[in-house]
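See structure below.
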Protein chains: 2
Amino acid sequence: MDKIIEKFKALSDETRLRITNLFIKSGKNLCVCELMDALQLPQYSVSKALGVLKSAGFFSTEKEGTWIYYKMNKGNAEIKAIISFLKGYLISEVFSEDEKRLEKRIALRSNDKCVVGIIPEKELLRLIKEKTDG
Amino acid sequence: MDKIIEKFKALSDETRLRITNLFIKSGKNLCVCELMDALQLPQYSVSKALGVLKSAGFFSTEKEGTWIYYKMNKGNAEIKAIISFLKGYLISEVFSEDEKRLEKRIALRSNDKCVVGIIPEKELLRLIKEKTDG
DNA sequence: CAAATATATGCCAATATTAGCATATAACAA
DNA sequence: TTGTTATATGCTAATATTGGCATATATTTG
């Protein structure tokens with residue numbers, strides 16, 4: 001019982017649900033700095049939220065240099081069931097704004113890997129503009 | 001988003017999950033005093049837990065005299081989806097003990113309605129024994 | 001080696017949740 | 001009306017959670 005309670009508790013927080021939404025909607029493995037920009041939240045806030053979700057069993061991590069990529073544990077049946085439930089009910093303006101920002105951030109990847117890091121918002125917007133304008 | 005967070009929060013508590021389990025497993029409408037005996041928890045504790053679940057949308061109530069029967073809102077699609085997910089994952093010794101006690105308590109109904117009320121455990125055990133021994 | 005950078009974590013104050021008791025409410029019974 | 005009973009709720013202390021800052025860790029680069 002404690003396991004399932006821990007999972008529900010993990011999902012009953014706005015930041016953690018927004019993070020979960022981004023993984024479900026994008027289907028991608030994501031690093032902390034990409035999530036920071038999509039959610040517009042500080043690094044410690046994203047890291048802590050990911051820590052809670054990971055220890056509840058939703059995510060595992062893969063290291064690539066100084067980057068750490070989080071991925072959903074779709075292998076686990078319980079997680080899979082929760083995800084497929086969530087898919088139908090993650091509907092909110094907040095979520096879709098996050099998704100839009102993530103999409104732009106992901107577009108800055110090289111070989112499908114993040115090469116941006118933690119940068120001021122102004123610089124991020126410049127990079128995105130550059131990409132768009134060509 | 002707030003709605004779904006409220007639902008997860010409602011389910012991330014042992015008492016509230018045990019209550020939800022009893023409704024799912026028994027398929028019955030239940031009153032507070034039946035739940036008290038099945039869960040072996042004080043009245044205020046059961047009432048408060050039901051209040052949280054109700055305001056999260058899981059339950060509605062029907063009054064019958066001084067008794068109030070709670071029933072799951074199976075009409076709501078979101079609730080239905082959560083219930084069908086839960087069915088597969090409500091597995092624990094605690095749950096099955098609750099279910100056993102509820103079964104005995106339900107057996108004391110007349111015309112499928114509770115006629116027991118709030119009584120000391122000793123007396124409850126006597127009623128159950130009486131019923132069993134014939 | 002030192003510097004830089006992505007991520008994690010320890011600490012603390014602010015805030016939210018819980019558990020327990022006492023009491024309130026509402027319906028019935030006499 | 002008064003008493004009884006099933007249920008709800010207000011209050012408070014104890015406990016848990018959160019948000020923010022500062023700092024730690026680990027890896028890469030030079």
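Note on naming: chains are A, B, ... as they come in the structure tokens, residues start from 1 per chain, ligands start from 1 in the order shown.
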Write out as a PDB file with all heavy atoms, in the first residue's frame which residues come within 10 Å of DT17 in chain D when counting only C-alpha atoms (C1' of nucleotides), dropping same-chain ones fewer than 6 positions away.
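Produced file result-v9.pdb, reproduced below:
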```pdb
ATOM      1  P    DT C  15       3.875  31.935   4.937  1.00  0.00           P
ATOM      2  OP1  DT C  15       3.443  32.910   3.919  1.00  0.00           O
ATOM      3  OP2  DT C  15       3.630  32.151   6.381  1.00  0.00           O
ATOM      4  O5'  DT C  15       3.246  30.524   4.547  1.00  0.00           O
ATOM      5  C5'  DT C  15       3.737  29.809   3.418  1.00  0.00           C
ATOM      6  C4'  DT C  15       3.223  28.394   3.476  1.00  0.00           C
ATOM      7  O4'  DT C  15       3.941  27.635   4.469  1.00  0.00           O
ATOM      8  C3'  DT C  15       1.734  28.279   3.857  1.00  0.00           C
ATOM      9  O3'  DT C  15       1.067  27.714   2.757  1.00  0.00           O
ATOM     10  C2'  DT C  15       1.722  27.408   5.108  1.00  0.00           C
ATOM     11  C1'  DT C  15       3.057  26.686   5.005  1.00  0.00           C
ATOM     12  N1   DT C  15       3.635  26.205   6.284  1.00  0.00           N
ATOM     13  C2   DT C  15       3.904  24.860   6.419  1.00  0.00           C
ATOM     14  O2   DT C  15       3.681  24.056   5.525  1.00  0.00           O
ATOM     15  N3   DT C  15       4.446  24.490   7.625  1.00  0.00           N
ATOM     16  C4   DT C  15       4.733  25.324   8.691  1.00  0.00           C
ATOM     17  O4   DT C  15       5.222  24.864   9.715  1.00  0.00           O
ATOM     18  C5   DT C  15       4.434  26.724   8.494  1.00  0.00           C
ATOM     19  C7   DT C  15       4.722  27.691   9.588  1.00  0.00           C
ATOM     20  C6   DT C  15       3.906  27.090   7.313  1.00  0.00           C
ATOM     21  P    DA C  16      -0.514  27.422   2.829  1.00  0.00           P
ATOM     22  OP1  DA C  16      -1.074  27.689   1.489  1.00  0.00           O
ATOM     23  OP2  DA C  16      -1.077  28.068   4.029  1.00  0.00           O
ATOM     24  O5'  DA C  16      -0.526  25.844   3.048  1.00  0.00           O
ATOM     25  C5'  DA C  16       0.239  25.008   2.178  1.00  0.00           C
ATOM     26  C4'  DA C  16       0.128  23.568   2.647  1.00  0.00           C
ATOM     27  O4'  DA C  16       0.808  23.403   3.901  1.00  0.00           O
ATOM     28  C3'  DA C  16      -1.308  23.090   2.864  1.00  0.00           C
ATOM     29  O3'  DA C  16      -1.393  21.801   2.287  1.00  0.00           O
ATOM     30  C2'  DA C  16      -1.460  23.075   4.389  1.00  0.00           C
ATOM     31  C1'  DA C  16      -0.033  22.751   4.831  1.00  0.00           C
ATOM     32  N9   DA C  16       0.362  23.241   6.154  1.00  0.00           N
ATOM     33  C8   DA C  16       0.304  24.520   6.616  1.00  0.00           C
ATOM     34  N7   DA C  16       0.762  24.670   7.839  1.00  0.00           N
ATOM     35  C5   DA C  16       1.143  23.395   8.190  1.00  0.00           C
ATOM     36  C6   DA C  16       1.711  22.868   9.374  1.00  0.00           C
ATOM     37  N6   DA C  16       1.987  23.614  10.444  1.00  0.00           N
ATOM     38  N1   DA C  16       1.979  21.553   9.404  1.00  0.00           N
ATOM     39  C2   DA C  16       1.701  20.806   8.328  1.00  0.00           C
ATOM     40  N3   DA C  16       1.169  21.183   7.165  1.00  0.00           N
ATOM     41  C4   DA C  16       0.914  22.506   7.169  1.00  0.00           C
ATOM     42  P    DT C  17      -2.779  21.041   2.240  1.00  0.00           P
ATOM     43  OP1  DT C  17      -2.864  20.393   0.920  1.00  0.00           O
ATOM     44  OP2  DT C  17      -3.844  21.950   2.718  1.00  0.00           O
ATOM     45  O5'  DT C  17      -2.569  19.894   3.327  1.00  0.00           O
ATOM     46  C5'  DT C  17      -1.383  19.110   3.283  1.00  0.00           C
ATOM     47  C4'  DT C  17      -1.373  18.162   4.466  1.00  0.00           C
ATOM     48  O4'  DT C  17      -1.023  18.900   5.655  1.00  0.00           O
ATOM     49  C3'  DT C  17      -2.718  17.488   4.746  1.00  0.00           C
ATOM     50  O3'  DT C  17      -2.493  16.090   4.704  1.00  0.00           O
ATOM     51  C2'  DT C  17      -3.123  18.014   6.132  1.00  0.00           C
ATOM     52  C1'  DT C  17      -1.775  18.423   6.727  1.00  0.00           C
ATOM     53  N1   DT C  17      -1.788  19.532   7.724  1.00  0.00           N
ATOM     54  C2   DT C  17      -1.220  19.326   8.964  1.00  0.00           C
ATOM     55  O2   DT C  17      -0.729  18.260   9.308  1.00  0.00           O
ATOM     56  N3   DT C  17      -1.247  20.421   9.804  1.00  0.00           N
ATOM     57  C4   DT C  17      -1.772  21.671   9.522  1.00  0.00           C
ATOM     58  O4   DT C  17      -1.734  22.564  10.351  1.00  0.00           O
ATOM     59  C5   DT C  17      -2.351  21.817   8.202  1.00  0.00           C
ATOM     60  C7   DT C  17      -2.932  23.137   7.803  1.00  0.00           C
ATOM     61  C6   DT C  17      -2.325  20.758   7.383  1.00  0.00           C
TER      62       DT C  17
END
```
Identify, on the basis of only C-alpha atoms (C1' of nucleotides), every residue whose closest approach to DC11 in chain C does not exceed 12 Å; exclude the query and any residue fewer than 6 positions from it along the same chain; express the result as a list in words.
-> DG20, DC21, DA22 and DT23 of chain D
Could the residues of chain B that have an atom at most 9 Å from chain D be listed as a Markdown table, each with its closest atom pair and the distance in Å to one decimal, counting only C-alpha atoms (C1' of nucleotides) and ordered by chain and ascending residue number?
```
| residue | atom | partner | partner_atom | distance |
| --- | --- | --- | --- | --- |
| B:Val32 | CA | D:DT7 | C1' | 7.5 |
| B:Cys33 | CA | D:DA6 | C1' | 7.9 |
| B:Gln43 | CA | D:DT7 | C1' | 8.2 |
| B:Tyr44 | CA | D:DA8 | C1' | 8.1 |
| B:Ser47 | CA | D:DA8 | C1' | 7.0 |
| B:Lys48 | CA | D:DA8 | C1' | 8.1 |
| B:Gly51 | CA | D:DA8 | C1' | 8.9 |
| B:Gly65 | CA | D:DA6 | C1' | 8.9 |
| B:Thr66 | CA | D:DA6 | C1' | 5.2 |
| B:Trp67 | CA | D:DA6 | C1' | 5.7 |
| B:Ile68 | CA | D:DT7 | C1' | 7.4 |
| B:Gly117 | CA | D:DA6 | C1' | 7.1 |
| B:Ile118 | CA | D:DA6 | C1' | 7.7 |
```
Where in chain A does DSSP assign strand (DSSP E or B), given as a PyMOL selection string?
-> chain A and resi 30-31+59-64+67-72+110+113
Selected residues written out with all heavy atoms, as a compact mmCIF listing (two decimals), in the first residue's frame:
```txt
# COMPACT_ATOMS: atom_id res chain seq x y z
N LEU A 30 14.61 13.59 -21.11
CA LEU A 30 14.88 15.01 -20.98
C LEU A 30 15.89 15.28 -19.87
O LEU A 30 15.95 14.53 -18.89
CB LEU A 30 13.58 15.76 -20.66
CG LEU A 30 12.43 15.61 -21.68
CD1 LEU A 30 11.13 16.14 -21.09
CD2 LEU A 30 12.77 16.31 -22.99
N CYS A 31 16.66 16.34 -20.05
CA CYS A 31 17.61 16.70 -19.00
C CYS A 31 17.05 17.85 -18.16
O CYS A 31 16.06 18.49 -18.54
CB CYS A 31 18.97 17.05 -19.57
SG CYS A 31 18.97 18.57 -20.53
N PHE A 59 10.74 7.44 -12.68
CA PHE A 59 11.84 7.72 -13.59
C PHE A 59 13.10 6.96 -13.23
O PHE A 59 13.31 6.59 -12.08
CB PHE A 59 12.18 9.22 -13.55
CG PHE A 59 11.13 10.08 -14.15
CD1 PHE A 59 10.19 10.71 -13.34
CD2 PHE A 59 11.05 10.26 -15.52
CE1 PHE A 59 9.20 11.50 -13.89
CE2 PHE A 59 10.06 11.05 -16.08
CZ PHE A 59 9.13 11.68 -15.27
N SER A 60 13.95 6.78 -14.24
CA SER A 60 15.32 6.42 -13.97
C SER A 60 16.20 7.38 -14.75
O SER A 60 15.70 8.21 -15.52
CB SER A 60 15.59 4.97 -14.35
OG SER A 60 15.12 4.73 -15.64
N THR A 61 17.50 7.30 -14.51
CA THR A 61 18.39 8.31 -15.09
C THR A 61 19.54 7.67 -15.87
O THR A 61 19.95 6.55 -15.58
CB THR A 61 19.00 9.18 -13.97
OG1 THR A 61 19.55 8.33 -12.97
CG2 THR A 61 17.97 10.07 -13.35
N GLU A 62 20.01 8.41 -16.83
CA GLU A 62 21.18 8.00 -17.60
C GLU A 62 22.13 9.18 -17.68
O GLU A 62 21.75 10.27 -18.08
CB GLU A 62 20.77 7.60 -19.03
CG GLU A 62 20.25 6.18 -19.13
CD GLU A 62 19.63 5.91 -20.49
OE1 GLU A 62 19.80 6.76 -21.41
OE2 GLU A 62 18.97 4.87 -20.63
N LYS A 63 23.37 8.92 -17.31
CA LYS A 63 24.36 9.99 -17.32
C LYS A 63 25.01 10.08 -18.69
O LYS A 63 25.36 9.08 -19.29
CB LYS A 63 25.43 9.69 -16.26
CG LYS A 63 25.73 10.87 -15.40
CD LYS A 63 26.64 10.49 -14.25
CE LYS A 63 26.75 11.67 -13.30
NZ LYS A 63 27.39 11.30 -12.04
N GLU A 64 25.20 11.31 -19.16
CA GLU A 64 25.97 11.53 -20.38
C GLU A 64 26.82 12.76 -20.13
O GLU A 64 26.37 13.89 -20.32
CB GLU A 64 25.05 11.80 -21.56
CG GLU A 64 24.05 10.69 -21.79
CD GLU A 64 23.68 10.55 -23.26
OE1 GLU A 64 24.33 11.19 -24.12
OE2 GLU A 64 22.75 9.78 -23.53
N TRP A 67 25.68 15.98 -18.18
CA TRP A 67 24.22 15.94 -18.33
C TRP A 67 23.63 14.65 -17.74
O TRP A 67 24.28 13.60 -17.77
CB TRP A 67 23.83 16.02 -19.79
CG TRP A 67 23.62 17.42 -20.29
CD1 TRP A 67 22.44 18.10 -20.36
CD2 TRP A 67 24.61 18.31 -20.82
NE1 TRP A 67 22.63 19.35 -20.89
CE2 TRP A 67 23.95 19.52 -21.17
CE3 TRP A 67 26.00 18.23 -21.01
CZ2 TRP A 67 24.62 20.60 -21.73
CZ3 TRP A 67 26.65 19.31 -21.55
CH2 TRP A 67 25.99 20.49 -21.90
N ILE A 68 22.45 14.76 -17.20
CA ILE A 68 21.73 13.58 -16.73
C ILE A 68 20.37 13.56 -17.42
O ILE A 68 19.60 14.51 -17.30
CB ILE A 68 21.55 13.59 -15.20
CG1 ILE A 68 22.92 13.49 -14.52
CG2 ILE A 68 20.65 12.46 -14.75
CD1 ILE A 68 22.88 13.61 -13.02
N TYR A 69 20.10 12.49 -18.14
CA TYR A 69 18.80 12.38 -18.81
C TYR A 69 17.85 11.52 -17.98
O TYR A 69 18.21 10.43 -17.54
CB TYR A 69 18.95 11.78 -20.21
CG TYR A 69 19.53 12.79 -21.17
CD1 TYR A 69 20.91 12.94 -21.30
CD2 TYR A 69 18.68 13.62 -21.90
CE1 TYR A 69 21.43 13.90 -22.16
CE2 TYR A 69 19.20 14.58 -22.76
CZ TYR A 69 20.58 14.72 -22.88
OH TYR A 69 21.10 15.67 -23.72
N TYR A 70 16.67 12.06 -17.76
CA TYR A 70 15.63 11.31 -17.07
C TYR A 70 14.73 10.64 -18.09
O TYR A 70 14.45 11.22 -19.15
CB TYR A 70 14.79 12.26 -16.20
CG TYR A 70 15.48 12.63 -14.91
CD1 TYR A 70 16.51 13.56 -14.90
CD2 TYR A 70 15.11 12.02 -13.71
CE1 TYR A 70 17.16 13.88 -13.72
CE2 TYR A 70 15.75 12.36 -12.51
CZ TYR A 70 16.77 13.28 -12.53
OH TYR A 70 17.41 13.60 -11.36
N LYS A 71 14.32 9.42 -17.78
CA LYS A 71 13.34 8.77 -18.65
C LYS A 71 12.29 8.05 -17.82
O LYS A 71 12.58 7.55 -16.74
CB LYS A 71 14.03 7.79 -19.60
CG LYS A 71 14.67 6.60 -18.94
CD LYS A 71 15.08 5.59 -19.99
CE LYS A 71 15.80 4.41 -19.33
NZ LYS A 71 16.31 3.44 -20.32
N MET A 72 11.09 8.00 -18.34
CA MET A 72 10.00 7.33 -17.62
C MET A 72 10.21 5.82 -17.64
O MET A 72 10.62 5.27 -18.65
CB MET A 72 8.65 7.65 -18.27
CG MET A 72 8.24 9.09 -18.14
SD MET A 72 6.43 9.26 -18.08
CE MET A 72 6.13 9.05 -16.32
N SER A 110 21.40 18.99 -30.68
CA SER A 110 22.22 18.45 -31.77
C SER A 110 22.30 16.95 -31.60
O SER A 110 22.62 16.48 -30.48
CB SER A 110 23.63 19.02 -31.72
OG SER A 110 23.63 20.38 -32.05
N LYS A 113 20.58 15.54 -28.65
CA LYS A 113 21.10 15.74 -27.30
C LYS A 113 21.14 17.23 -26.98
O LYS A 113 21.44 18.04 -27.87
CB LYS A 113 22.52 15.17 -27.17
CG LYS A 113 22.60 13.65 -27.29
CD LYS A 113 21.91 12.96 -26.14
CE LYS A 113 21.66 11.49 -26.47
NZ LYS A 113 20.80 10.84 -25.48
```
Report the closest atom pair, with its distance in Å rounded to one decimal, for each residue of chain C that has an atom no farther than 12 Å from chain A; count only C-alpha atoms (C1' of nucleotides), sort by chain and then rising residue number, and write it as a Markdown table.
```
| residue | atom | partner | partner_atom | distance |
| --- | --- | --- | --- | --- |
| C:DA4 | C1' | A:Thr66 | CA | 11.3 |
| C:DT5 | C1' | A:Thr66 | CA | 7.6 |
| C:DA6 | C1' | A:Thr66 | CA | 5.2 |
| C:DT7 | C1' | A:Ser47 | CA | 7.2 |
| C:DA8 | C1' | A:Ser47 | CA | 7.0 |
| C:DT9 | C1' | A:Lys48 | CA | 8.7 |
```
Output as number ranges by chain the set of chain A residues within 12 Å of chain B, with distances taken over only C-alpha atoms.
-> A: 1-18, 21, 77-96
Expected file contents, prior selection, N, CA and C atoms, as a CSV table (one decimal), in the first residue's frame:
```
chain,number,residue,atom,x,y,z
A,1,MET,N,0.8,-1.2,0.0
A,1,MET,CA,0.0,0.0,0.0
A,1,MET,C,0.9,1.3,0.0
A,2,ASP,N,1.9,1.2,0.8
A,2,ASP,CA,2.8,2.4,0.9
A,2,ASP,C,3.3,2.8,-0.5
A,3,LYS,N,3.6,1.9,-1.3
A,3,LYS,CA,4.1,2.2,-2.7
A,3,LYS,C,3.1,3.0,-3.5
A,4,ILE,N,1.9,2.6,-3.5
A,4,ILE,CA,0.9,3.3,-4.3
A,4,ILE,C,0.6,4.6,-3.7
A,5,ILE,N,0.6,4.7,-2.4
A,5,ILE,CA,0.4,6.1,-1.8
A,5,ILE,C,1.6,7.0,-2.2
A,6,GLU,N,2.8,6.5,-2.2
A,6,GLU,CA,3.9,7.3,-2.6
A,6,GLU,C,3.8,7.8,-4.0
A,7,LYS,N,3.2,6.9,-4.8
A,7,LYS,CA,3.0,7.3,-6.2
A,7,LYS,C,2.0,8.4,-6.4
A,8,PHE,N,0.9,8.3,-5.7
A,8,PHE,CA,-0.2,9.3,-5.7
A,8,PHE,C,0.4,10.6,-5.2
A,9,LYS,N,1.1,10.5,-4.1
A,9,LYS,CA,1.7,11.7,-3.4
A,9,LYS,C,2.6,12.4,-4.4
A,10,ALA,N,3.4,11.6,-5.1
A,10,ALA,CA,4.3,12.2,-6.1
A,10,ALA,C,3.6,13.0,-7.1
A,11,LEU,N,2.4,12.5,-7.5
A,11,LEU,CA,1.7,13.2,-8.6
A,11,LEU,C,0.8,14.3,-8.1
A,12,SER,N,0.7,14.5,-6.8
A,12,SER,CA,-0.2,15.5,-6.3
A,12,SER,C,0.5,16.8,-6.0
A,13,ASP,N,1.3,17.3,-6.9
A,13,ASP,CA,2.0,18.5,-6.8
A,13,ASP,C,2.1,19.1,-8.2
A,14,GLU,N,1.9,20.4,-8.3
A,14,GLU,CA,1.9,21.0,-9.6
A,14,GLU,C,3.1,20.8,-10.4
A,15,THR,N,4.3,21.1,-9.8
A,15,THR,CA,5.5,21.0,-10.5
A,15,THR,C,5.8,19.6,-11.0
A,16,ARG,N,5.5,18.6,-10.1
A,16,ARG,CA,5.8,17.2,-10.5
A,16,ARG,C,4.8,16.7,-11.5
A,17,LEU,N,3.6,17.2,-11.5
A,17,LEU,CA,2.7,16.8,-12.5
A,17,LEU,C,3.0,17.5,-13.9
A,18,ARG,N,3.5,18.7,-13.8
A,18,ARG,CA,3.9,19.4,-15.1
A,18,ARG,C,5.1,18.7,-15.7
A,21,ASN,N,3.8,15.5,-17.2
A,21,ASN,CA,3.1,15.8,-18.4
A,21,ASN,C,4.1,15.9,-19.6
A,77,ALA,N,4.6,-2.2,-14.9
A,77,ALA,CA,3.2,-2.2,-15.3
A,77,ALA,C,2.4,-1.2,-14.5
A,78,GLU,N,2.7,-1.0,-13.3
A,78,GLU,CA,1.9,0.0,-12.5
A,78,GLU,C,2.1,1.4,-13.1
A,79,ILE,N,3.4,1.8,-13.4
A,79,ILE,CA,3.7,3.1,-14.0
A,79,ILE,C,3.0,3.2,-15.3
A,80,LYS,N,3.0,2.1,-16.1
A,80,LYS,CA,2.4,2.2,-17.4
A,80,LYS,C,0.9,2.4,-17.3
A,81,ALA,N,0.3,1.8,-16.3
A,81,ALA,CA,-1.2,2.0,-16.1
A,81,ALA,C,-1.5,3.4,-15.7
A,82,ILE,N,-0.6,4.0,-14.8
A,82,ILE,CA,-0.9,5.4,-14.4
A,82,ILE,C,-0.7,6.3,-15.6
A,83,ILE,N,0.3,6.1,-16.3
A,83,ILE,CA,0.6,6.9,-17.5
A,83,ILE,C,-0.6,6.9,-18.5
A,84,SER,N,-1.1,5.7,-18.7
A,84,SER,CA,-2.2,5.6,-19.7
A,84,SER,C,-3.5,6.2,-19.1
A,85,PHE,N,-3.6,6.2,-17.8
A,85,PHE,CA,-4.7,7.0,-17.3
A,85,PHE,C,-4.5,8.5,-17.4
A,86,LEU,N,-3.3,8.9,-17.1
A,86,LEU,CA,-3.0,10.3,-17.1
A,86,LEU,C,-3.2,10.9,-18.5
A,87,LYS,N,-2.8,10.2,-19.5
A,87,LYS,CA,-2.9,10.7,-20.9
A,87,LYS,C,-4.2,11.3,-21.2
A,88,GLY,N,-5.3,10.8,-20.7
A,88,GLY,CA,-6.6,11.3,-21.0
A,88,GLY,C,-6.9,12.6,-20.2
A,89,TYR,N,-6.2,12.8,-19.1
A,89,TYR,CA,-6.6,13.9,-18.2
A,89,TYR,C,-5.6,15.0,-17.9
A,90,LEU,N,-4.6,15.0,-18.7
A,90,LEU,CA,-3.6,16.1,-18.5
A,90,LEU,C,-4.0,17.3,-19.4
A,91,ILE,N,-5.0,17.9,-19.1
A,91,ILE,CA,-5.5,19.0,-20.0
A,91,ILE,C,-5.6,20.3,-19.2
A,92,SER,N,-4.8,21.2,-19.6
A,92,SER,CA,-4.8,22.5,-18.9
A,92,SER,C,-3.9,23.5,-19.7
A,93,GLU,N,-4.2,24.8,-19.7
A,93,GLU,CA,-3.5,25.8,-20.3
A,93,GLU,C,-2.0,25.7,-19.9
A,94,VAL,N,-1.8,25.5,-18.6
A,94,VAL,CA,-0.4,25.5,-18.1
A,94,VAL,C,0.4,24.4,-18.8
A,95,PHE,N,-0.2,23.2,-18.9
A,95,PHE,CA,0.5,22.1,-19.6
A,95,PHE,C,0.8,22.5,-21.1
A,96,SER,N,-0.1,23.0,-21.8
A,96,SER,CA,0.2,23.3,-23.2
A,96,SER,C,1.2,24.4,-23.4
```
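Straight-line separation from CA of Asn111 in chain A to CA of Ser26 in chain A: 16.5 Å.
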Near-Asp112 in chain A list (12 Å; only C-alpha atoms (C1' of nucleotides); drop same-chain fewer than 2 positions) as a list in words = Lys28, Asn29, Leu30, Cys31, Tyr69, Arg105, Ile106, Ala107, Leu108, Arg109, Ser110, Cys114, Val115 and Val116 of chain A
Would you mind writing down, as JSON, numbers by chain, each residue of chain A that DSSP on the backbone assigns to helix (DSSP H, G or I)?
-> {"A": [2, 3, 4, 5, 6, 7, 8, 9, 10, 11, 14, 15, 16, 17, 18, 19, 20, 21, 22, 23, 24, 25, 26, 32, 33, 34, 35, 36, 37, 38, 39, 43, 44, 45, 46, 47, 48, 49, 50, 51, 52, 53, 54, 55, 77, 78, 79, 80, 81, 82, 83, 84, 85, 86, 87, 93, 94, 95, 96, 97, 98, 99, 100, 101, 102, 103, 104, 105, 106, 121, 122, 123, 124, 125, 126, 127, 128, 129, 130, 131, 132, 133]}
Atomic distance CA of Glu103 in chain B - C1' of DC28 in chain C, expressed in Å with one decimal =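 Taking CA of Glu103 in chain B and C1' of DC28 in chain C, their separation equals 27.6 Å.
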How far is it from CA of Asn76 in chain A to CA of Ile24 in chain B, in Å with one decimal?
->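 Taking CA of Asn76 in chain A as the start and CA of Ile24 in chain B as the end point, the length is 23.6 Å.
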